[in-house]
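Structure file input22.cif (mmCIF, C-alpha atoms) is printed below.
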```
data_data
#
loop_
_atom_site.label_atom_id
_atom_site.label_comp_id
_atom_site.auth_asym_id
_atom_site.auth_seq_id
_atom_site.Cartn_x
_atom_site.Cartn_y
_atom_site.Cartn_z
CA MET A 891 0.00 0.00 0.00
CA ILE A 892 2.68 2.52 1.06
CA ARG A 893 4.84 1.64 -1.92
CA ALA A 894 1.90 2.08 -4.30
CA SER A 895 1.02 5.57 -3.07
CA LEU A 896 4.69 6.65 -3.14
CA ALA A 897 4.90 5.53 -6.75
CA ARG A 898 2.01 7.80 -7.65
CA LEU A 899 3.53 10.87 -5.95
CA PRO A 900 5.79 12.10 -8.78
CA ILE A 901 2.77 12.32 -11.07
CA ALA A 902 0.56 14.06 -8.51
CA LEU A 903 3.19 16.61 -7.37
CA PRO A 904 3.38 18.84 -10.47
CA PHE A 905 -0.39 19.38 -10.39
CA LEU A 906 -0.28 20.18 -6.68
CA THR A 907 2.51 22.73 -7.16
CA LEU A 908 0.64 24.40 -10.01
CA ALA A 909 -2.58 24.65 -8.04
CA THR A 910 -0.75 26.11 -5.03
CA ALA A 911 1.09 28.71 -7.12
CA CYS A 912 -2.17 29.99 -8.61
CA ALA A 913 -4.39 30.11 -5.55
CA THR A 914 -2.19 31.05 -2.61
CA PRO A 915 -1.29 34.63 -1.69
CA SER A 916 2.42 35.33 -1.87
CA VAL A 917 4.95 37.94 -0.87
CA LEU A 918 8.08 38.68 -2.91
CA LEU A 919 10.86 40.49 -1.04
CA LEU A 920 12.95 42.80 -3.24
CA ASP A 921 16.34 44.38 -2.65
CA GLY A 922 16.42 47.84 -1.05
CA GLU A 923 15.80 50.77 -3.37
CA ASN A 924 18.87 52.54 -4.87
CA GLY A 925 21.32 50.31 -3.04
CA ALA A 926 19.55 50.58 0.34
CA LYS A 927 19.94 47.57 2.62
CA THR A 928 17.29 44.86 2.10
CA GLY A 929 14.81 44.78 4.97
CA ALA A 930 12.55 41.88 5.93
CA VAL A 931 8.92 40.83 5.95
CA ALA A 932 7.69 38.61 8.77
CA VAL A 933 4.69 36.30 8.62
CA ILE A 934 3.06 36.77 12.01
CA ASP A 935 1.37 34.05 14.08
CA GLU A 936 -1.76 35.83 15.25
CA SER A 937 -2.33 33.51 18.23
CA ASP A 938 0.71 34.87 20.07
CA GLY A 939 2.22 37.62 17.89
CA SER A 940 5.40 35.63 17.22
CA ASP A 941 7.01 35.24 13.78
CA ARG A 942 5.90 32.14 11.84
CA ALA A 943 8.58 32.94 9.31
CA VAL A 944 10.85 35.82 8.33
CA VAL A 945 11.69 36.54 4.69
CA SER A 946 14.99 38.41 4.69
CA GLU A 947 16.83 37.47 1.48
CA PRO A 948 16.16 39.65 -1.58
CA ASN A 949 14.36 37.98 -4.51
CA THR A 950 12.70 35.43 -2.27
CA LYS A 951 9.06 34.52 -2.73
CA ALA A 952 7.05 33.11 0.17
CA SER A 953 3.64 31.47 -0.08
CA ILE A 954 1.52 32.88 2.71
CA GLY A 955 -1.52 30.62 2.81
CA ASP A 956 -3.04 28.95 5.86
CA GLY A 957 -0.40 26.24 6.05
CA THR A 958 3.37 26.20 6.24
CA VAL A 959 5.14 29.27 4.85
CA ARG A 960 7.32 28.06 1.97
CA GLN A 961 10.17 30.23 0.69
CA ARG A 962 12.04 29.91 -2.58
CA PRO A 963 14.37 32.13 -4.65
CA ALA A 964 12.39 33.95 -7.37
CA GLU A 965 13.06 36.75 -9.81
CA PRO A 966 10.24 39.33 -10.09
CA SER A 967 7.75 38.40 -12.85
CA ASP A 968 6.87 40.90 -15.60
CA ARG A 969 3.75 41.83 -13.62
CA ASP A 970 5.83 42.39 -10.48
CA ARG A 971 8.27 44.58 -12.43
CA ALA A 972 5.43 46.65 -13.90
CA LEU A 973 4.02 47.16 -10.40
CA VAL A 974 7.40 48.32 -9.03
CA ALA A 975 7.88 50.64 -12.03
CA ASP A 976 4.49 52.22 -11.15
CA LEU A 977 5.64 53.22 -7.65
CA PRO A 978 5.67 57.02 -7.24
CA THR A 979 9.06 58.72 -7.57
CA ALA A 980 10.92 58.70 -4.23
CA PRO A 981 10.47 61.96 -2.29
CA THR A 982 13.21 64.55 -2.83
CA SER A 983 14.61 66.45 0.13
CA TYR A 984 16.04 70.01 0.25
CA THR A 985 17.76 71.66 3.21
CA LEU A 986 17.66 75.32 4.28
CA TYR A 987 19.88 76.71 7.08
CA PHE A 988 19.19 79.37 9.74
CA LEU A 989 21.15 81.95 11.69
CA GLU A 990 21.65 81.04 15.40
CA ASP A 991 18.51 81.13 17.61
CA SER A 992 16.42 82.74 14.85
CA THR A 993 14.08 81.99 11.99
CA ASP A 994 16.18 84.03 9.52
CA LEU A 995 17.59 82.07 6.60
CA ALA A 996 21.33 81.77 6.11
CA PRO A 997 22.82 83.44 3.01
CA GLY A 998 22.62 81.33 -0.14
CA SER A 999 19.12 79.92 0.53
CA GLU A 1000 17.51 81.47 -2.61
CA ALA A 1001 18.92 78.87 -5.02
CA VAL A 1002 17.59 76.00 -2.86
CA LEU A 1003 14.12 77.60 -2.71
CA SER A 1004 14.04 77.92 -6.51
CA ALA A 1005 15.13 74.30 -7.02
CA LEU A 1006 12.44 72.92 -4.73
CA LEU A 1007 9.70 75.02 -6.35
CA ALA A 1008 10.77 73.62 -9.74
CA GLU A 1009 10.57 70.06 -8.31
CA VAL A 1010 7.02 70.67 -7.03
CA ALA A 1011 5.97 71.93 -10.47
CA ALA A 1012 7.44 68.80 -12.11
CA ARG A 1013 5.49 66.31 -9.95
CA PRO A 1014 1.81 65.60 -10.66
CA GLY A 1015 -0.23 65.77 -7.45
CA ALA A 1016 2.78 66.96 -5.43
CA ASP A 1017 2.60 67.60 -1.70
CA VAL A 1018 5.26 69.19 0.46
CA GLN A 1019 6.35 68.49 4.05
CA ILE A 1020 8.40 71.16 5.80
CA ILE A 1021 10.31 69.74 8.77
CA GLY A 1022 12.12 72.02 11.23
CA HIS A 1023 15.24 70.87 13.13
CA THR A 1024 17.39 72.48 15.83
CA ASP A 1025 20.81 71.93 17.39
CA ARG A 1026 21.07 70.75 21.03
CA LEU A 1027 21.45 74.20 22.58
CA GLY A 1028 18.51 74.80 24.99
CA SER A 1029 15.82 72.43 26.29
CA GLY A 1030 14.09 69.73 24.27
CA ASP A 1031 10.68 71.44 24.62
CA ASP A 1032 12.08 74.82 23.51
CA ASN A 1033 13.66 73.12 20.54
CA ASP A 1034 10.35 71.44 19.60
CA ARG A 1035 8.77 74.92 19.52
CA LEU A 1036 11.70 76.53 17.67
CA SER A 1037 11.77 73.76 15.05
CA MET A 1038 8.02 74.18 14.44
CA ALA A 1039 8.40 77.98 14.21
CA ARG A 1040 11.13 77.58 11.58
CA ALA A 1041 9.00 75.15 9.60
CA GLN A 1042 5.98 77.49 9.72
CA GLU A 1043 8.11 80.42 8.57
CA ILE A 1044 9.26 78.49 5.51
CA ARG A 1045 5.74 77.25 4.87
CA ALA A 1046 4.46 80.85 4.77
CA ALA A 1047 7.32 81.86 2.45
CA LEU A 1048 6.62 78.97 0.07
CA ILE A 1049 2.88 79.68 0.00
CA THR A 1050 3.53 83.31 -1.03
CA ARG A 1051 5.61 81.82 -3.86
CA GLY A 1052 2.65 79.85 -5.12
CA LEU A 1053 2.48 76.53 -3.24
CA ASP A 1054 -1.00 75.18 -2.46
CA PRO A 1055 -1.62 75.67 1.31
CA ASP A 1056 -3.72 72.46 1.40
CA ALA A 1057 -0.79 70.43 0.07
CA THR A 1058 1.92 72.03 2.23
CA ARG A 1059 2.40 70.79 5.81
CA ALA A 1060 4.75 72.02 8.53
CA SER A 1061 6.12 69.93 11.40
CA GLY A 1062 8.95 70.18 13.93
CA ARG A 1063 11.32 67.37 14.92
CA GLY A 1064 13.17 69.46 17.55
CA GLU A 1065 16.65 68.07 18.22
CA ARG A 1066 15.73 64.43 17.41
CA ASP A 1067 17.30 64.26 13.93
CA PRO A 1068 20.67 66.03 14.00
CA LEU A 1069 22.62 66.07 10.76
CA VAL A 1070 25.78 65.99 12.89
CA ALA A 1071 25.77 64.21 16.28
CA THR A 1072 26.81 66.48 19.18
CA GLU A 1073 26.74 66.55 23.00
CA ASP A 1074 23.77 68.32 24.61
CA GLY A 1075 24.06 72.12 24.89
CA ILE A 1076 26.30 72.47 21.81
CA SER A 1077 25.65 75.12 19.12
CA GLU A 1078 25.93 73.46 15.68
CA PRO A 1079 24.95 75.48 12.59
CA ARG A 1080 24.54 72.37 10.40
CA ASN A 1081 21.77 71.11 12.72
CA ARG A 1082 19.82 74.42 12.64
CA ARG A 1083 17.94 73.67 9.48
CA VAL A 1084 14.65 73.05 7.75
CA GLU A 1085 14.21 70.04 5.53
CA VAL A 1086 11.67 70.39 2.73
CA VAL A 1087 10.44 67.05 1.41
CA VAL A 1088 8.73 67.13 -1.98
CA ARG A 1089 6.50 64.07 -2.49
CA MET B 458 -23.21 78.16 32.17
CA ILE B 459 -23.10 79.71 28.73
CA PRO B 460 -19.39 79.16 28.17
CA TYR B 461 -19.82 75.56 29.28
CA ARG B 462 -22.70 75.01 26.83
CA LEU B 463 -20.66 76.61 24.09
CA ILE B 464 -17.75 74.28 24.81
CA ALA B 465 -20.09 71.29 24.84
CA LEU B 466 -21.61 72.39 21.53
CA ILE B 467 -18.20 72.81 19.92
CA ALA B 468 -17.13 69.40 21.25
CA THR B 469 -20.30 67.81 19.84
CA LEU B 470 -19.78 69.41 16.45
CA ALA B 471 -16.15 68.33 16.41
CA LEU B 472 -17.17 64.73 17.14
CA SER B 473 -20.07 64.58 14.71
CA SER B 474 -18.18 66.00 11.74
CA PRO B 475 -14.52 65.16 12.07
CA ALA B 476 -12.31 66.79 9.46
CA LEU B 477 -10.84 64.07 7.28
CA ALA B 478 -7.18 63.91 8.18
CA GLU B 479 -4.97 63.47 5.15
CA ILE B 480 -2.80 60.33 5.24
CA GLY B 481 -1.41 60.42 1.70
CA ARG B 482 -1.99 61.52 -1.87
CA VAL B 483 -2.68 59.79 -5.14
CA LYS B 484 0.21 60.43 -7.55
CA ARG B 485 -0.90 58.50 -10.63
CA VAL B 486 -4.13 56.97 -11.93
CA VAL B 487 -4.35 54.61 -14.93
CA GLY B 488 -7.57 53.06 -16.29
CA GLN B 489 -10.47 52.20 -13.99
CA ALA B 490 -9.54 53.14 -10.42
CA TRP B 491 -11.66 54.33 -7.50
CA VAL B 492 -11.45 55.33 -3.88
CA GLU B 493 -14.37 54.05 -1.81
CA ARG B 494 -15.24 56.24 1.18
CA SER B 495 -18.33 55.82 3.43
CA GLY B 496 -20.18 53.94 0.72
CA GLN B 497 -19.32 56.46 -2.02
CA LYS B 498 -17.22 55.65 -5.06
CA LEU B 499 -14.88 58.57 -5.81
CA ALA B 500 -12.75 58.97 -8.96
CA PRO B 501 -9.30 60.12 -7.87
CA ALA B 502 -6.93 62.32 -9.90
CA PRO B 503 -3.26 63.06 -9.06
CA GLY B 504 -3.24 65.12 -5.84
CA PHE B 505 -6.39 63.42 -4.42
CA ALA B 506 -6.02 63.33 -0.60
CA LEU B 507 -6.65 59.95 1.06
CA SER B 508 -8.03 59.31 4.55
CA LYS B 509 -7.89 56.44 7.01
CA GLY B 510 -10.61 53.91 6.17
CA ASP B 511 -10.54 54.52 2.41
CA THR B 512 -10.56 51.47 0.13
CA LEU B 513 -8.62 51.47 -3.15
CA ALA B 514 -10.34 49.57 -5.96
CA THR B 515 -9.10 48.96 -9.49
CA GLY B 516 -10.70 47.34 -12.54
CA ARG B 517 -9.19 45.07 -15.21
CA ASP B 518 -6.94 47.81 -16.61
CA GLY B 519 -6.70 49.96 -13.45
CA ARG B 520 -3.61 51.02 -11.53
CA LEU B 521 -3.07 53.49 -8.66
CA SER B 522 0.12 55.01 -7.24
CA ILE B 523 0.18 56.66 -3.80
CA THR B 524 2.68 58.38 -1.50
CA PHE B 525 1.75 58.55 2.21
CA ILE B 526 2.70 61.34 4.67
CA ASP B 527 5.34 59.09 6.29
CA ASN B 528 6.93 58.61 2.80
CA THR B 529 5.59 55.06 2.38
CA ARG B 530 4.81 54.44 -1.30
CA PHE B 531 2.20 52.09 -2.81
CA SER B 532 1.50 50.87 -6.32
CA ALA B 533 -1.74 48.91 -6.72
CA GLY B 534 -2.18 46.67 -9.77
CA PRO B 535 -5.31 45.69 -11.74
CA ASN B 536 -8.32 43.92 -10.15
CA SER B 537 -7.30 44.97 -6.67
CA ARG B 538 -9.20 45.75 -3.52
CA ILE B 539 -7.03 47.29 -0.80
CA ALA B 540 -8.27 48.90 2.43
CA LEU B 541 -6.26 51.53 4.32
CA SER B 542 -7.64 50.21 7.62
CA GLU B 543 -5.41 51.91 10.17
CA PHE B 544 -3.09 54.90 9.86
CA ARG B 545 -1.62 57.03 12.63
CA PHE B 546 1.56 59.09 12.29
CA ASP B 547 3.02 61.60 14.74
CA GLU B 548 5.10 63.96 12.62
CA THR B 549 7.21 65.04 15.61
CA SER B 550 8.08 61.62 17.12
CA HIS B 551 7.52 59.49 13.97
CA LYS B 552 5.58 56.99 16.08
CA GLY B 553 2.56 55.51 14.37
CA GLN B 554 0.63 52.54 13.11
CA PHE B 555 -0.19 51.53 9.54
CA VAL B 556 -2.37 48.53 8.68
CA THR B 557 -3.33 47.78 5.08
CA LYS B 558 -5.74 45.01 4.05
CA VAL B 559 -5.15 43.45 0.65
CA ASP B 560 -8.39 41.55 -0.07
CA ARG B 561 -7.37 40.79 -3.65
CA GLY B 562 -5.03 41.92 -6.39
CA SER B 563 -1.44 43.08 -6.15
CA LEU B 564 0.42 45.74 -4.21
CA ALA B 565 4.04 46.94 -4.35
CA VAL B 566 5.29 48.72 -1.23
CA VAL B 567 8.32 50.79 -0.27
CA SER B 568 7.97 51.36 3.46
CA GLY B 569 8.57 54.76 5.10
CA GLN B 570 9.04 56.44 8.49
CA ILE B 571 6.39 54.47 10.42
CA ALA B 572 8.14 51.12 9.77
CA LYS B 573 11.57 52.73 10.25
CA GLU B 574 10.67 54.12 13.71
CA ASP B 575 9.14 50.85 14.96
CA PRO B 576 9.49 47.49 13.17
CA LYS B 577 6.16 46.35 14.69
CA ALA B 578 4.15 49.38 13.53
CA MET B 579 3.42 48.49 9.90
CA GLN B 580 1.39 45.45 8.87
CA VAL B 581 -0.22 44.11 5.72
CA ARG B 582 -3.15 41.73 6.09
CA THR B 583 -4.10 39.24 3.38
CA PRO B 584 -7.10 36.85 3.59
CA THR B 585 -4.79 34.12 4.92
CA SER B 586 -2.01 35.89 6.80
CA LEU B 587 -0.65 38.91 8.61
CA LEU B 588 2.68 40.37 7.46
CA GLY B 589 4.99 42.50 9.60
CA VAL B 590 6.92 45.04 7.53
CA ARG B 591 10.47 45.49 8.76
CA GLY B 592 11.57 48.42 6.60
CA THR B 593 11.73 47.29 3.01
CA ARG B 594 10.51 46.98 -0.60
CA PHE B 595 8.21 44.07 -1.53
CA VAL B 596 5.26 42.90 -3.62
CA VAL B 597 2.13 41.15 -2.28
CA ASN B 598 -0.06 39.08 -4.63
CA VAL B 599 -3.53 37.90 -3.58
CA PRO B 600 -5.12 35.87 -6.41
#
```
For the structure just supplied, provide its representation as structure tokens.
Amino acid sequence: MIRASLARLPIALPFLTLATACATPSVLLLDGENGAKTGAVAVIDESDGSDRAVVSEPNTKASIGDGTVRQRPAEPSDRDRALVADLPTAPTSYTLYFLEDSTDLAPGSEAVLSALLAEVAARPGADVQIIGHTDRLGSGDDNDRLSMARAQEIRAALITRGLDPDATRASGRGERDPLVATEDGISEPRNRRVEVVVR
Amino acid sequence: MIPYRLIALIATLALSSPALAEIGRVKRVVGQAWVERSGQKLAPAPGFALSKGDTLATGRDGRLSITFIDNTRFSAGPNSRIALSEFRFDETSHKGQFVTKVDRGSLAVVSGQIAKEDPKAMQVRTPTSLLGVRGTRFVVNVP
């Protein structure tokens, strides 16, 4: 009996594989964009929140049906490639610098403002995020307020130059995202900046 | 008494008609593509602002491209039905939560700040599984 069913297996298997490939949801992990490090996708066990499986190698396809998660190396199909090609252009970021403890722009900011306005015009359905940053001089709360004030100042300036107020947001990150790491209480002109992200 | 009533009235109005908070914008529309919101079927154009709870739907030749306010990017393929079930993003701390439900079709994703800040914060649900997004680029297919 056992021998008989084993003998039938090679014939049955190709059909099984085909049926599984068509009907089961799958996830294909790709390499990071523009040379960025490949991340990972975990298949989560909902009974306890643990990982049933982790896909961490680029160009790996995992079947994510009810049963066992099966992983195999796979190049993206033509459909997958078309989907990736349809992703919106990655956001572009511009940086403007400020004079110490003020919302006045450092000299040379005009050229950056012009470049970012041109980028907005070139993107269909563009929206803009203006993110203020400070150095580590002063308290964290003061820096949250100062970073927001800087962002709002730039937002107002960009709106007078024609940006849609509804599509232009301001936020402050305080001293959380320094361009250059420093000790607390240090004045650092490179960290006193506003980042303008064009999406 | 009057100020209290006024405050209560304002609070009631705020609760009964919440402003739709923008979570992202449509960047490209090809073929038949809709955004379903509170039972209405809206036709998006580039710049269309999305809200939490919206469902993306595409027909046989439809495709939709979206960039979210945390810089996550989506591309939805034909014959898709994808719900933006949960989206919270604090622009100061970058803490948030982002749950997308892919009922059918295909979705390419490049994750953004929410997944970068907390590897447990972004999830994609398919009919048979729950995926945790640990900062990456991937494609989900639900036949």
- request: May I have the residues of chain A within 7 Å of chain B, counting only C-alpha atoms, written as a ChimeraX atom specification?
  value: /A:912-922,928-934,954-956,970,973-974,976-978,1014-1016,1061-1063,1089
Item checked: Point (5.5, 75.5, -0.5), cut-off 10 Å, counting only C-alpha atoms, residues as a list in words ->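 Here the neighbourhood of the point contains Leu1003, Leu1006, Leu1007, Val1010, Asp1017, Val1018, Gln1019, Ile1020, Ile1044, Arg1045, Ala1046, Ala1047, Leu1048, Ile1049, Thr1050, Arg1051, Gly1052, Leu1053, Asp1054, Pro1055, Asp1056, Ala1057, Thr1058, Arg1059, Ala1060, Val1086, Val1087 and Val1088 of chain A.
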I want to know what sits within 12 Å of segment 992-1000 of chain A, based on all atoms listed in the file, with residues of the same chain fewer than 2 positions away left out; could you give that as a PyMOL selection string? chain A and resi 984-990+1002-1007+1022-1025+1033+1035-1045+1047-1048+1051+1079-1080+1082-1084
So the first atom is atom CA of Phe544 of chain B and the second is atom CA of Pro981 of chain A; what is the distance between them in Å, to one decimal place?
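So the answer is 19.5 Å.
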- List every protein, DNA or RNA residue that has an atom no more than 8 Å from (0.7, 49.4, 11.0) in the file's coordinate frame, counting only C-alpha atoms, and report them as a PyMOL selection string. chain B and resi 543-544+553-557+571-572+577-581
As a check of understanding: the span from atom CA of Ser953 of chain A to atom CA of Ser940 of chain A is 17.9 Å
Could you give me the centre and size, in Å to one decimal, of an axis-aligned box around all listed atoms of segment 941-949 of chain A with 5 Å added on every side, as lines of an AutoDock Vina configuration file?
```
center_x = 11.4
center_y = 35.9
center_z = 4.6
size_x = 20.9
size_y = 17.5
size_z = 28.3
```
Q.
What's the separation between atom CA of Asp941 of chain A and atom CA of Asn924 of chain A, in Å to one decimal place?
A.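 For atom CA of Asp941 of chain A relative to atom CA of Asn924 of chain A, the distance reads 28.1 Å.
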Q: Run the PyMOL selection byres ((chain A and resi 962-968) around 8) on the file and write out the hits as a ChimeraX atom specification.
A: /A:918,949-952,960-961,969-972
Q.
Going by the chain IDs and residue numbers used in this file, which residues fall under the PyMOL selection byres ((chain A and resi 1026) around 10)? Write them as a PyMOL selection string.
A. chain A and resi 1023-1025+1027-1030+1033+1064-1066+1068+1071-1078+1081-1082
(Q) Need to verify the contact set: Lys509 of chain B, 9 Å, all atoms listed in the file, exclusion of same-chain residues closer than 6 positions in sequence. Can you return it as an NGL selection string? (A) :B and (477-480 or 540-545)
Minimum-distance residue to Gln570 of chain B, chosen among B:Lys552, B:Lys558, B:Arg517, B:Arg494 (using all atoms listed in the file):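 When distances to Gln570 of chain B are compared using all atoms listed in the file, the smallest one comes from B:Lys552.
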